[in-house]
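Visitor: Hey, dropping data-v8.cif in here, mmCIF, C-alpha atoms and all ligand atoms:
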```cif
data_target
loop_
_atom_site.label_atom_id
_atom_site.label_comp_id
_atom_site.auth_asym_id
_atom_site.auth_seq_id
_atom_site.Cartn_x
_atom_site.Cartn_y
_atom_site.Cartn_z
CA MET A 1 0.00 0.00 0.00
CA GLU A 2 1.07 3.59 -0.58
CA TYR A 3 0.84 5.88 2.44
CA ILE A 4 1.69 9.47 3.25
CA PHE A 5 2.93 10.57 6.67
CA ILE A 6 2.41 14.22 7.59
CA LEU A 7 5.29 15.02 9.94
CA GLY A 8 5.79 17.40 12.87
CA ARG A 9 8.13 20.39 13.16
CA ASN A 10 11.33 18.38 12.70
CA PRO A 11 10.65 16.22 9.60
CA GLU A 12 14.25 14.93 9.38
CA LEU A 13 13.94 13.50 12.91
CA SER A 14 10.48 12.08 12.21
CA ILE A 15 11.81 10.31 9.09
CA LEU A 16 14.56 8.68 11.18
CA GLU A 17 11.87 7.66 13.70
CA LEU A 18 9.80 6.01 10.97
CA GLN A 19 12.84 4.33 9.42
CA SER A 20 13.90 2.92 12.79
CA PHE A 21 10.39 1.54 13.22
CA PHE A 22 9.71 0.10 9.73
CA GLY A 23 13.30 -0.55 8.66
CA ASN A 24 14.87 1.64 5.99
CA PHE A 25 12.36 2.36 3.23
CA VAL A 26 12.41 4.46 0.09
CA TYR A 27 10.29 7.60 0.21
CA ALA A 28 9.47 10.78 -1.69
CA ARG A 29 9.24 14.02 0.27
CA ASN A 30 7.27 17.22 -0.26
CA LYS A 31 7.44 19.88 2.50
CA ASN A 32 6.68 18.08 5.80
CA ALA A 33 5.13 14.98 4.21
CA ILE A 34 6.60 11.78 2.85
CA LEU A 35 5.10 9.11 0.60
CA ALA A 36 6.19 5.47 0.91
CA GLU A 37 5.12 1.99 -0.08
CA LEU A 38 4.67 -0.14 3.05
CA PRO A 39 2.86 -3.32 4.11
CA VAL A 40 -0.74 -2.68 5.29
CA LEU A 41 -0.60 -0.58 8.49
CA LYS A 42 -2.30 -1.72 11.69
CA LYS A 43 -5.24 0.37 12.86
CA GLY A 44 -4.21 2.88 15.55
CA ILE A 45 -0.53 2.75 14.54
CA ILE A 46 -0.24 6.55 14.67
CA SER A 47 -0.21 6.39 18.48
CA ARG A 48 3.17 4.56 18.25
CA PHE A 49 4.86 7.66 16.85
CA GLY A 50 5.91 10.93 18.43
CA GLY A 51 6.59 12.84 15.22
CA VAL A 52 3.63 12.04 12.98
CA ILE A 53 0.64 14.42 12.67
CA ALA A 54 -1.46 12.27 10.30
CA ILE A 55 -1.33 9.22 8.04
CA GLY A 56 -3.07 9.00 4.68
CA GLU A 57 -3.74 6.26 2.16
CA VAL A 58 -3.28 6.81 -1.58
CA LEU A 59 -6.50 6.10 -3.51
CA ALA A 60 -5.84 7.34 -7.03
CA ASP A 61 -3.32 9.15 -9.19
CA GLU A 62 -3.37 11.87 -11.81
CA VAL A 63 -4.03 9.35 -14.59
CA ASN A 64 -6.92 7.39 -13.09
CA LEU A 65 -8.56 9.92 -10.73
CA ASN A 66 -11.45 10.91 -13.02
CA LYS A 67 -12.29 7.29 -13.73
CA LYS A 68 -11.90 6.08 -10.16
CA ILE A 69 -13.40 8.86 -8.04
CA GLY A 70 -17.04 7.84 -8.58
CA GLY A 71 -16.40 4.44 -6.99
CA LEU A 72 -14.32 5.64 -4.05
CA SER A 73 -15.84 5.65 -0.60
CA LEU A 74 -14.59 8.91 0.83
CA TYR A 75 -16.49 9.53 4.08
CA TYR A 76 -18.12 7.78 7.01
CA THR A 77 -20.67 10.38 8.03
CA SER A 78 -24.31 9.33 8.18
CA LYS A 79 -25.43 12.99 8.30
CA ASN A 80 -25.95 14.94 5.11
CA LYS A 81 -23.33 17.55 6.09
CA LEU A 82 -19.57 17.32 5.87
CA ASN A 83 -16.67 19.72 6.43
CA TYR A 84 -13.39 18.71 4.84
CA VAL A 85 -9.89 19.92 4.00
CA ILE A 86 -7.42 19.04 1.28
CA TRP A 87 -3.74 18.98 2.32
CA ASP A 88 -1.51 20.34 -0.43
CA PHE A 89 1.81 18.54 -0.97
CA THR A 90 2.13 19.07 -4.69
CA ASN A 91 3.59 21.47 -7.19
CA LYS A 92 1.03 20.30 -9.77
CA ILE A 93 -1.51 23.12 -9.42
CA GLU A 94 -3.71 21.77 -12.22
CA PHE A 95 -3.98 18.36 -10.60
CA PHE A 96 -4.77 19.95 -7.23
CA ASP A 97 -7.54 22.04 -8.83
CA ASN A 98 -8.88 18.97 -10.60
CA VAL A 99 -9.08 17.09 -7.27
CA LYS A 100 -11.00 20.03 -5.77
CA GLU A 101 -13.50 20.11 -8.63
CA ARG A 102 -13.93 16.34 -8.72
CA LEU A 103 -14.59 16.16 -4.99
CA LYS A 104 -17.16 18.95 -5.21
CA ALA A 105 -18.91 17.24 -8.11
CA LYS A 106 -18.91 13.85 -6.35
CA PHE A 107 -20.36 15.27 -3.11
CA LYS A 108 -23.02 17.16 -5.08
CA GLU A 109 -23.97 14.02 -6.94
CA GLU A 110 -24.27 12.16 -3.65
CA ARG A 111 -26.44 14.99 -2.24
CA LEU A 112 -24.03 15.78 0.54
CA LYS A 113 -23.74 19.37 1.84
CA ALA A 114 -19.96 19.34 1.80
CA THR A 115 -17.87 22.43 2.55
CA GLU A 116 -14.15 22.68 1.94
CA LYS A 117 -12.42 24.46 4.85
CA LYS A 118 -9.06 26.18 4.54
CA ILE A 119 -6.03 24.81 6.37
CA ALA A 120 -5.37 28.14 8.01
CA ASN A 121 -2.87 27.60 10.82
CA PHE A 122 0.87 27.87 10.41
CA MET A 123 3.61 25.73 11.92
CA LYS A 124 7.26 26.78 11.82
CA LEU A 125 9.55 23.88 10.99
CA GLN A 126 12.95 23.62 12.69
CA SER A 127 14.45 24.76 9.35
CA GLY A 128 12.49 28.03 9.69
CA GLU A 129 10.07 27.22 6.85
CA GLU A 130 6.41 28.06 7.58
CA ILE A 131 3.96 25.28 6.76
CA ARG A 132 0.16 25.28 6.76
CA THR A 133 -1.40 22.95 9.32
CA LEU A 134 -4.65 22.29 11.18
CA SER A 135 -4.90 23.58 14.75
CA SER A 136 -7.11 20.59 15.61
CA HIS A 137 -8.22 17.56 13.64
CA LYS A 138 -11.62 17.91 15.29
CA LEU A 139 -12.47 20.94 13.14
CA VAL A 140 -13.42 18.78 10.15
CA GLU A 141 -15.00 15.38 9.58
CA GLU A 142 -12.78 14.34 6.67
CA GLN A 143 -9.31 15.16 5.39
CA TYR A 144 -7.95 14.44 1.90
CA PHE A 145 -4.54 15.11 0.40
CA VAL A 146 -2.72 15.62 -2.85
CA PHE A 147 0.89 14.46 -2.80
CA GLU A 148 2.65 15.18 -6.11
CA ASN A 149 0.51 13.21 -8.60
CA LYS A 150 -1.40 11.14 -6.00
CA PHE A 151 -4.74 11.70 -4.31
CA GLY A 152 -5.87 10.07 -1.08
CA ARG A 153 -7.64 10.24 2.22
CA ILE A 154 -6.27 10.78 5.73
CA ILE A 155 -7.01 7.63 7.74
CA GLU A 156 -5.41 8.38 11.12
CA THR A 157 -4.67 11.59 13.02
CA CYS A 158 -2.70 12.28 16.17
CA ASP A 159 -4.90 13.18 19.12
CA TYR A 160 -2.81 16.01 20.66
CA GLU A 161 -5.52 17.03 23.10
CA GLU A 162 -5.61 13.50 24.58
CA LEU A 163 -1.79 13.34 24.86
CA GLU A 164 -1.71 16.68 26.63
CA ARG A 165 -4.57 15.73 28.93
CA ILE A 166 -2.78 12.56 30.09
CA ASP A 167 0.46 14.49 30.64
CA MET A 168 -1.24 17.27 32.65
CA GLU A 169 -3.00 14.79 34.94
CA LYS A 170 0.17 13.04 36.17
CA PRO A 171 0.53 13.46 39.96
CA VAL A 172 4.20 14.58 39.75
CA ARG A 173 5.41 16.89 36.96
CA ARG A 174 8.73 18.75 36.59
CA GLU A 175 8.27 20.86 33.51
CA SER A 176 11.70 22.50 33.41
CA LEU A 177 13.53 19.15 33.68
CA SER A 178 11.33 16.78 31.71
CA ILE A 179 11.21 16.02 28.01
CA SER A 180 7.89 16.00 26.19
CA PRO A 181 6.05 12.68 25.82
CA ARG A 182 6.30 13.13 22.03
CA LEU A 183 10.10 13.40 22.06
CA ALA A 184 10.24 10.46 24.50
CA LYS A 185 8.26 8.35 22.01
CA ILE A 186 10.50 9.39 19.12
CA MET A 187 13.60 8.37 21.09
CA ILE A 188 12.05 5.04 22.10
CA ASN A 189 11.38 4.30 18.41
CA LEU A 190 14.95 5.33 17.50
CA SER A 191 16.18 2.70 19.98
CA LYS A 192 14.35 -0.09 18.05
CA VAL A 193 13.29 -1.70 21.35
CA SER A 194 10.26 -3.98 20.94
CA SER A 195 7.44 -4.86 23.28
CA GLY A 196 8.54 -7.36 25.95
CA GLU A 197 12.20 -6.22 25.75
CA VAL A 198 13.92 -4.08 28.40
CA LEU A 199 14.72 -0.38 28.09
CA VAL A 200 17.01 1.35 30.61
CA ASP A 201 16.83 5.06 31.47
CA PRO A 202 19.88 5.90 33.65
CA PHE A 203 18.68 9.51 34.29
CA CYS A 204 15.00 8.70 34.65
CA GLY A 205 13.83 11.70 36.74
CA ILE A 206 10.08 11.45 37.20
CA GLY A 207 9.94 9.01 34.32
CA VAL A 208 8.46 10.50 31.14
CA ILE A 209 10.46 8.05 28.97
CA LEU A 210 9.65 5.07 31.22
CA GLN A 211 5.92 5.77 31.11
CA GLU A 212 5.81 6.12 27.33
CA ALA A 213 7.77 2.85 26.98
CA LEU A 214 5.49 1.00 29.42
CA ARG A 215 2.48 2.18 27.41
CA LEU A 216 4.04 0.48 24.38
CA GLY A 217 4.42 -2.81 26.27
CA ILE A 218 8.18 -2.37 26.84
CA ASN A 219 9.67 -3.38 30.21
CA VAL A 220 11.76 -0.68 31.88
CA VAL A 221 14.52 -0.04 34.41
CA GLY A 222 14.86 3.53 35.68
CA ILE A 223 17.81 4.86 37.67
CA ASP A 224 18.13 8.25 39.35
CA LYS A 225 20.46 9.47 42.07
CA ASP A 226 17.83 11.83 43.52
CA PRO A 227 15.53 10.08 46.04
CA LYS A 228 12.84 12.75 45.42
CA ALA A 229 12.77 11.87 41.70
CA ILE A 230 12.41 8.20 42.63
CA GLU A 231 9.46 9.04 44.90
CA GLY A 232 7.93 11.03 42.02
CA ILE A 233 8.35 8.28 39.50
CA LYS A 234 6.87 5.68 41.84
CA ALA A 235 3.79 7.89 42.29
CA ASN A 236 3.50 8.40 38.51
CA LEU A 237 3.83 4.70 37.69
CA LYS A 238 1.29 3.77 40.34
CA TRP A 239 -1.10 6.38 38.95
CA GLY A 240 -0.51 4.99 35.44
CA LYS A 241 -1.64 1.55 36.76
CA PHE A 242 1.40 -0.18 35.25
CA SER A 243 2.09 -3.68 36.50
CA GLU A 244 5.03 -3.79 38.94
CA GLU A 245 6.30 -6.86 37.08
CA ASN A 246 7.14 -4.63 34.12
CA TYR A 247 9.28 -1.98 35.82
CA ARG A 248 12.09 -1.51 38.28
CA VAL A 249 13.32 1.80 39.68
CA ILE A 250 16.69 2.16 41.37
CA ASN A 251 17.90 5.04 43.52
CA GLY A 252 21.58 5.07 42.60
CA ASN A 253 24.45 6.53 40.60
CA SER A 254 24.39 5.43 36.96
CA THR A 255 28.15 5.60 36.64
CA ILE A 256 28.38 2.53 38.92
CA VAL A 257 24.96 0.83 39.28
CA LYS A 258 24.93 -2.67 37.77
CA ILE A 259 22.02 -3.87 35.63
CA LYS A 260 21.02 -7.15 33.99
CA LYS A 261 21.26 -7.68 30.21
CA SER A 262 18.90 -5.23 28.49
CA LYS A 263 18.05 -4.26 24.94
CA ALA A 264 18.44 -0.49 24.85
CA MET A 265 19.25 2.72 26.68
CA VAL A 266 17.04 5.77 26.14
CA THR A 267 17.68 8.83 28.25
CA GLU A 268 17.79 12.58 28.69
CA PRO A 269 20.58 13.52 31.12
CA HIS A 270 20.84 16.98 32.66
CA LEU A 271 21.78 19.28 29.76
CA GLY A 272 23.54 21.86 31.94
CA GLU A 273 22.45 24.93 33.86
CA ILE A 274 19.55 27.06 32.59
CA LEU A 275 21.13 30.04 30.80
CA LYS A 276 19.50 33.49 30.60
CA SER A 277 22.00 34.95 28.10
CA LEU A 278 24.17 33.49 25.35
CA PRO A 279 27.34 31.89 26.72
CA ASP A 280 30.72 32.50 25.14
CA LYS A 281 32.77 29.72 23.55
CA GLU A 282 34.69 28.92 26.75
CA LYS A 283 31.54 28.62 28.85
CA SER A 284 29.86 26.34 26.26
CA ALA A 285 33.01 24.20 25.99
CA LEU A 286 33.04 23.75 29.76
CA MET A 287 29.35 22.74 29.86
CA LEU A 288 29.87 20.28 27.00
CA LYS A 289 32.97 18.76 28.61
CA GLU A 290 31.13 18.23 31.91
CA TYR A 291 28.31 16.57 30.03
CA GLU A 292 30.67 14.35 27.99
CA ASP A 293 32.62 13.28 31.10
CA LEU A 294 29.46 12.06 32.84
CA MET A 295 27.96 10.45 29.72
CA ILE A 296 31.18 8.58 28.91
CA LYS A 297 31.26 7.11 32.44
CA VAL A 298 27.62 6.01 32.20
CA LEU A 299 28.03 4.52 28.71
CA ARG A 300 31.17 2.62 29.81
CA ASN A 301 29.27 1.29 32.82
CA PHE A 302 26.47 -0.08 30.61
CA THR A 303 28.14 -1.13 27.32
CA GLU A 304 28.57 -4.71 28.50
CA ASN A 305 24.94 -5.24 29.49
CA ILE A 306 23.09 -3.29 26.79
CA PHE A 307 23.23 -5.10 23.50
CA GLY A 308 21.09 -2.80 21.32
CA ARG A 309 21.11 0.95 20.76
CA PHE A 310 22.07 3.81 23.11
CA VAL A 311 19.81 6.82 22.47
CA PHE A 312 20.42 10.02 24.39
CA THR A 313 20.02 13.78 24.14
CA ALA A 314 23.04 16.06 24.48
CA PRO A 315 23.29 19.85 24.86
CA PHE A 316 23.42 21.88 21.64
CA ILE A 317 24.30 25.36 22.83
CA LYS A 318 23.62 28.67 21.05
CA THR A 319 26.95 30.41 21.62
CA ALA A 320 28.31 33.92 21.04
CA THR A 321 31.59 33.44 19.17
CA ARG A 322 33.85 35.97 17.45
CA ALA A 323 32.58 34.73 14.10
CA GLY A 324 28.94 35.28 15.16
CA ILE A 325 26.25 33.23 16.88
CA LYS A 326 26.37 29.48 16.31
CA ARG A 327 25.20 26.30 18.01
CA ILE A 328 27.88 24.03 19.42
CA GLY A 329 27.43 20.36 20.33
CA CYS A 330 29.42 17.55 21.91
CA ASN A 331 32.59 16.05 20.54
CA SER A 332 31.24 12.82 19.01
CA ASN A 333 34.75 11.43 18.44
CA ARG A 334 35.63 11.81 22.10
CA ILE A 335 32.49 9.87 23.11
CA ILE A 336 33.13 7.17 20.52
CA ASN A 337 36.83 6.78 21.27
CA ASN A 338 36.17 6.45 24.98
CA THR A 339 33.32 3.96 24.77
CA GLY A 340 34.14 1.71 21.80
CA LEU A 341 30.63 2.37 20.43
CA ARG A 342 29.92 3.80 16.99
CA LEU A 343 27.44 6.37 15.68
CA ALA A 344 24.37 4.99 13.88
CA GLU A 345 23.88 6.43 10.40
CA GLY A 346 22.17 9.83 10.35
CA PHE A 347 23.14 10.81 13.91
CA PRO A 348 23.58 13.00 15.83
CA ILE A 349 20.50 14.91 14.70
CA GLN A 350 19.58 18.40 15.86
CA GLU A 351 16.38 19.11 17.79
CA PHE A 352 15.91 22.70 19.00
CA ARG A 353 13.61 25.70 18.93
CA GLU A 354 14.85 29.01 17.61
CA ASN A 355 14.58 30.83 20.96
CA GLN A 356 16.18 28.02 23.04
CA ILE A 357 19.72 28.69 24.23
CA VAL A 358 20.32 25.06 25.16
CA GLY A 359 18.77 22.89 22.47
CA ARG A 360 19.40 19.20 21.89
CA GLU A 361 21.33 16.88 19.66
CA ILE A 362 20.05 13.32 19.68
CA PHE A 363 22.76 10.67 19.60
CA VAL A 364 22.22 7.03 18.63
CA LEU A 365 25.18 4.74 19.31
CA GLU A 366 25.54 1.03 18.54
CA HIS A 367 28.06 -1.74 19.21
C1 LIG B 401 17.03 16.07 33.02
S1 LIG B 401 16.64 15.05 34.33
C2 LIG B 401 15.80 13.71 33.59
C3 LIG B 401 14.44 14.04 33.23
C4 LIG B 401 13.62 12.85 32.87
N1 LIG B 401 13.73 12.53 31.47
C5 LIG B 401 12.17 13.06 33.27
O1 LIG B 401 11.30 12.77 32.48
O2 LIG B 401 11.90 13.48 34.39
C6 LIG B 401 18.15 14.36 34.82
C7 LIG B 401 18.05 13.46 36.03
O3 LIG B 401 19.31 12.76 36.16
C8 LIG B 401 19.58 12.56 37.52
N2 LIG B 401 21.05 12.30 37.63
C9 LIG B 401 22.08 13.16 37.46
N3 LIG B 401 23.27 12.51 37.59
C10 LIG B 401 22.98 11.20 37.82
C11 LIG B 401 23.76 10.05 38.01
N4 LIG B 401 25.09 10.08 38.00
N5 LIG B 401 23.12 8.86 38.22
C12 LIG B 401 21.76 8.80 38.23
N6 LIG B 401 20.98 9.88 38.07
C13 LIG B 401 21.56 11.07 37.85
C14 LIG B 401 19.07 13.82 38.20
O4 LIG B 401 18.74 13.56 39.55
C15 LIG B 401 17.83 14.16 37.35
O5 LIG B 401 16.64 13.67 37.93
#
```
Can I see the file as structure tokens?

Guide:
Amino acid sequence: MEYIFILGRNPELSILELQSFFGNFVYARNKNAILAELPVLKKGIISRFGGVIAIGEVLADEVNLNKKIGGLSLYYTSKNKLNYVIWDFTNKIEFFDNVKERLKAKFKEERLKATEKKIANFMKLQSGEEIRTLSSHKLVEEQYFVFENKFGRIIETCDYEELERIDMEKPVRRESLSISPRLAKIMINLSKVSSGEVLVDPFCGIGVILQEALRLGINVVGIDKDPKAIEGIKANLKWGKFSEENYRVINGNSTIVKIKKSKAMVTEPHLGEILKSLPDKEKSALMLKEYEDLMIKVLRNFTENIFGRFVFTAPFIKTATRAGIKRIGCNSNRIINNTGLRLAEGFPIQEFRENQIVGREIFVLEH
């Protein structure tokens, strides 16, 4: 089957997430969407991903649209009213206009009061490009798309409101220190850990990564040196009604704690102090060295017992240098040379917002 994936604000990262999940696949890209041929997708699969806004199925192409459209079933509504949008991922204006006209004609023929709504919101991609997007999928009953010379229907959408609601209801939250559940999910997918296998988070805090992994059926081990964080995570896991058989939390120092054989490490360590103004090169270098020193010790402690991927965030610091403002990240070679691990293809990958002083680089290391 041919599918499109409409991706979030960092499409490059979302593509790596999808490729880690499905295995490397060939795709075509237009703005923040990709088109790929994949085996039939399971219903509800969108909830597995952190970086996918919607998934669509290709139903026709430029050559056979006119012939096929009459026979396509394009909506579920039993009412006689329908609001819809058409996502535009094509440079073929004539084809896009043809899709518009054909849809209108089909709905008219089927005596449906259908109204095309504009996709009026804007999302700024990490690259700075502004992209049209929907503020909520609930605004319309149906969504269609044109991707280059293909036409199709959106079959799954990400329920942001539900994700946010679950996150806000957790008994213990630490906004300034925690990563978002969406980024946690992306990193879990990058680790290629499967349900029933064990994921280790050596800087687990109050456990955003652990909870997302448990929801996907993955067993987890969390370690944190702060007893308060351990109390917080226990409260959160209890509230999440996860079975105690599937998790273990350890109050200890990850540079020395011993663990059993596990599949993967996924973690967000402390990325350094919160900065109010741009640091100079020396300050950034110091923060990065401190980070690398700790991470190297933790990786060396776990290399023997983790046989899959090591996925972690590292500071990516907006720095005032003599040559102007630039973002500086860790020394990958130093980490590699001191751990005997190697970088997976495509990493590290940047993940930051324009106004963030300390953004992230996501590393994926392998044996
Ligand atoms: C940025 S926070 C992790 C946030 C976490 N992802 C969450 O969702 O809450 C980093 C955590 O690492 C812990 N930490 C720092 N050094 C550590 C070490 N050597 N061993 C274990 N935990 C450590 C801190 O106590 C802190 O809770």

Visitor: Within 6 Å of ligand LIG 401 (chain B) (counting only C-alpha atoms and all ligand atoms), which residues show up? I'd like them as a compact mmCIF listing (two decimals) with C-alpha atoms, in the coordinates of the input.

Guide:
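Result went into selection-v8.txt, see below:
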```
# COMPACT_ATOMS: atom_id res chain seq x y z
CA LEU A 177 13.53 19.15 33.68
CA SER A 178 11.33 16.78 31.71
CA ILE A 179 11.21 16.02 28.01
CA PRO A 202 19.88 5.90 33.65
CA PHE A 203 18.68 9.51 34.29
CA CYS A 204 15.00 8.70 34.65
CA GLY A 205 13.83 11.70 36.74
CA ILE A 206 10.08 11.45 37.20
CA GLY A 207 9.94 9.01 34.32
CA VAL A 208 8.46 10.50 31.14
CA ILE A 209 10.46 8.05 28.97
CA ILE A 223 17.81 4.86 37.67
CA ASP A 224 18.13 8.25 39.35
CA LYS A 225 20.46 9.47 42.07
CA ASP A 226 17.83 11.83 43.52
CA ALA A 229 12.77 11.87 41.70
CA GLY A 252 21.58 5.07 42.60
CA ASN A 253 24.45 6.53 40.60
CA SER A 254 24.39 5.43 36.96
CA THR A 255 28.15 5.60 36.64
CA GLU A 268 17.79 12.58 28.69
CA PRO A 269 20.58 13.52 31.12
CA HIS A 270 20.84 16.98 32.66
```

Visitor: Name the residues in contact with Leu41 in chain A at a cut-off of 10 Å, using only C-alpha atoms, excluding same-chain residues fewer than 6 positions from it; report them as a list in words.

Guide: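 After dropping sequence-adjacent residues, the list is Met1, Tyr3, Ile55 and Glu57 of chain A.
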
Visitor: Would you work out the distance separating CA of Lys117 in chain A from CA of Ser73 in chain A, expressed in Å to one decimal?

Guide: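 Straight-line distance from CA of Lys117 in chain A to CA of Ser73 in chain A works out to 19.9 Å.
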
Visitor: Please provide the set of residues having any atom within 7 Å of range 287-304 of chain A, restricted to only C-alpha atoms, with same-chain residues fewer than 4 positions apart removed, written as a PyMOL selection string.

Guide: chain A and resi 254-256+272+283+315+330+335+338-339

Visitor: Would you give me, as JSON lines, each residue of range 67-102 of chain A having an atom within 12 Å of an atom of range 21-38 of chain A, along with its shortest atom pair and that distance in Å to one decimal, using all atoms listed in the file and sorting by chain and residue number?

Guide:
```
{"residue": "A:Trp87", "atom": "CA", "partner": "A:Ala33", "partner_atom": "CA", "distance": 9.9}
{"residue": "A:Asp88", "atom": "CA", "partner": "A:Asn30", "partner_atom": "CA", "distance": 9.3}
{"residue": "A:Phe89", "atom": "CA", "partner": "A:Asn30", "partner_atom": "CA", "distance": 5.7}
{"residue": "A:Thr90", "atom": "CA", "partner": "A:Asn30", "partner_atom": "CA", "distance": 7.0}
{"residue": "A:Asn91", "atom": "CA", "partner": "A:Asn30", "partner_atom": "CA", "distance": 8.9}
{"residue": "A:Lys92", "atom": "CA", "partner": "A:Asn30", "partner_atom": "CA", "distance": 11.8}
```

Visitor: From the options A:Ile306, A:Ala264, A:Leu134, A:Val200, which residue's atoms come nearest to Tyr160 in chain A, counting all atoms listed in the file?

Guide: A:Leu134

Visitor: Can you work out which one of A:Leu271, A:Leu343, A:Ala323, A:Ile93 has the shortest atom-to-atom distance to Glu148 in chain A, counting all atoms listed in the file?

Guide: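 Answer, going by the shortest atom-to-atom distance: A:Ile93.
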
Visitor: From the options A:Lys67, A:Lys79, A:Arg342, A:His367, which residue's atoms come nearest to Glu141 in chain A, counting all atoms listed in the file?

Guide: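 Between A:Lys67, A:Lys79, A:Arg342, A:His367, the residue approaching Glu141 in chain A most closely is A:Lys79.
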
Visitor: Pick out the closest residue to Glu62 in chain A from this set: A:Asn246, A:Asn98, A:Asn189, A:Ser277. Count only C-alpha atoms.

Guide: A:Asn98

Visitor: With N, CA and C atoms as the target, complete range 310-327 of chain A and hand it back as an mmCIF file, in the coordinates of the input.

Guide:
```cif
data_model
loop_
_atom_site.group_PDB
_atom_site.id
_atom_site.type_symbol
_atom_site.label_atom_id
_atom_site.label_comp_id
_atom_site.auth_asym_id
_atom_site.auth_seq_id
_atom_site.Cartn_x
_atom_site.Cartn_y
_atom_site.Cartn_z
ATOM 1 N N PHE A 310 21.979 2.825 22.021
ATOM 2 C CA PHE A 310 22.070 3.810 23.110
ATOM 3 C C PHE A 310 21.565 5.131 22.526
ATOM 4 N N VAL A 311 20.416 5.584 23.006
ATOM 5 C CA VAL A 311 19.810 6.820 22.470
ATOM 6 C C VAL A 311 19.802 7.865 23.579
ATOM 7 N N PHE A 312 20.426 8.998 23.329
ATOM 8 C CA PHE A 312 20.420 10.020 24.390
ATOM 9 C C PHE A 312 20.472 11.426 23.794
ATOM 10 N N THR A 313 19.952 12.381 24.565
ATOM 11 C CA THR A 313 20.020 13.780 24.140
ATOM 12 C C THR A 313 21.298 14.386 24.723
ATOM 13 N N ALA A 314 21.834 15.365 24.013
ATOM 14 C CA ALA A 314 23.040 16.060 24.480
ATOM 15 C C ALA A 314 22.824 17.552 24.247
ATOM 16 N N PRO A 315 23.498 18.407 25.032
ATOM 17 C CA PRO A 315 23.290 19.850 24.860
ATOM 18 C C PRO A 315 23.800 20.341 23.497
ATOM 19 N N PHE A 316 23.047 21.279 22.927
ATOM 20 C CA PHE A 316 23.420 21.880 21.640
ATOM 21 C C PHE A 316 23.251 23.378 21.873
ATOM 22 N N ILE A 317 24.370 24.047 22.174
ATOM 23 C CA ILE A 317 24.300 25.360 22.830
ATOM 24 C C ILE A 317 24.510 26.532 21.866
ATOM 25 N N LYS A 318 23.514 27.442 21.857
ATOM 26 C CA LYS A 318 23.620 28.670 21.050
ATOM 27 C C LYS A 318 24.679 29.539 21.722
ATOM 28 N N THR A 319 25.761 29.826 20.986
ATOM 29 C CA THR A 319 26.950 30.410 21.620
ATOM 30 C C THR A 319 27.370 31.684 20.876
ATOM 31 N N ALA A 320 27.807 32.688 21.656
ATOM 32 C CA ALA A 320 28.310 33.920 21.040
ATOM 33 C C ALA A 320 29.807 33.730 20.771
ATOM 34 N N THR A 321 30.166 33.596 19.501
ATOM 35 C CA THR A 321 31.590 33.440 19.170
ATOM 36 C C THR A 321 32.039 34.688 18.399
ATOM 37 N N ARG A 322 33.348 34.799 18.184
ATOM 38 C CA ARG A 322 33.850 35.970 17.450
ATOM 39 C C ARG A 322 33.310 35.993 16.022
ATOM 40 N N ALA A 323 33.056 34.812 15.490
ATOM 41 C CA ALA A 323 32.580 34.730 14.100
ATOM 42 C C ALA A 323 31.054 34.866 14.018
ATOM 43 N N GLY A 324 30.402 35.142 15.168
ATOM 44 C CA GLY A 324 28.940 35.280 15.160
ATOM 45 C C GLY A 324 28.305 34.226 16.068
ATOM 46 N N ILE A 325 26.951 34.170 15.999
ATOM 47 C CA ILE A 325 26.250 33.230 16.880
ATOM 48 C C ILE A 325 26.158 31.874 16.196
ATOM 49 N N LYS A 326 26.572 30.814 16.890
ATOM 50 C CA LYS A 326 26.370 29.480 16.310
ATOM 51 C C LYS A 326 26.103 28.460 17.415
ATOM 52 N N ARG A 327 25.487 27.352 17.021
ATOM 53 C CA ARG A 327 25.200 26.300 18.010
ATOM 54 C C ARG A 327 26.356 25.307 18.035
#
```
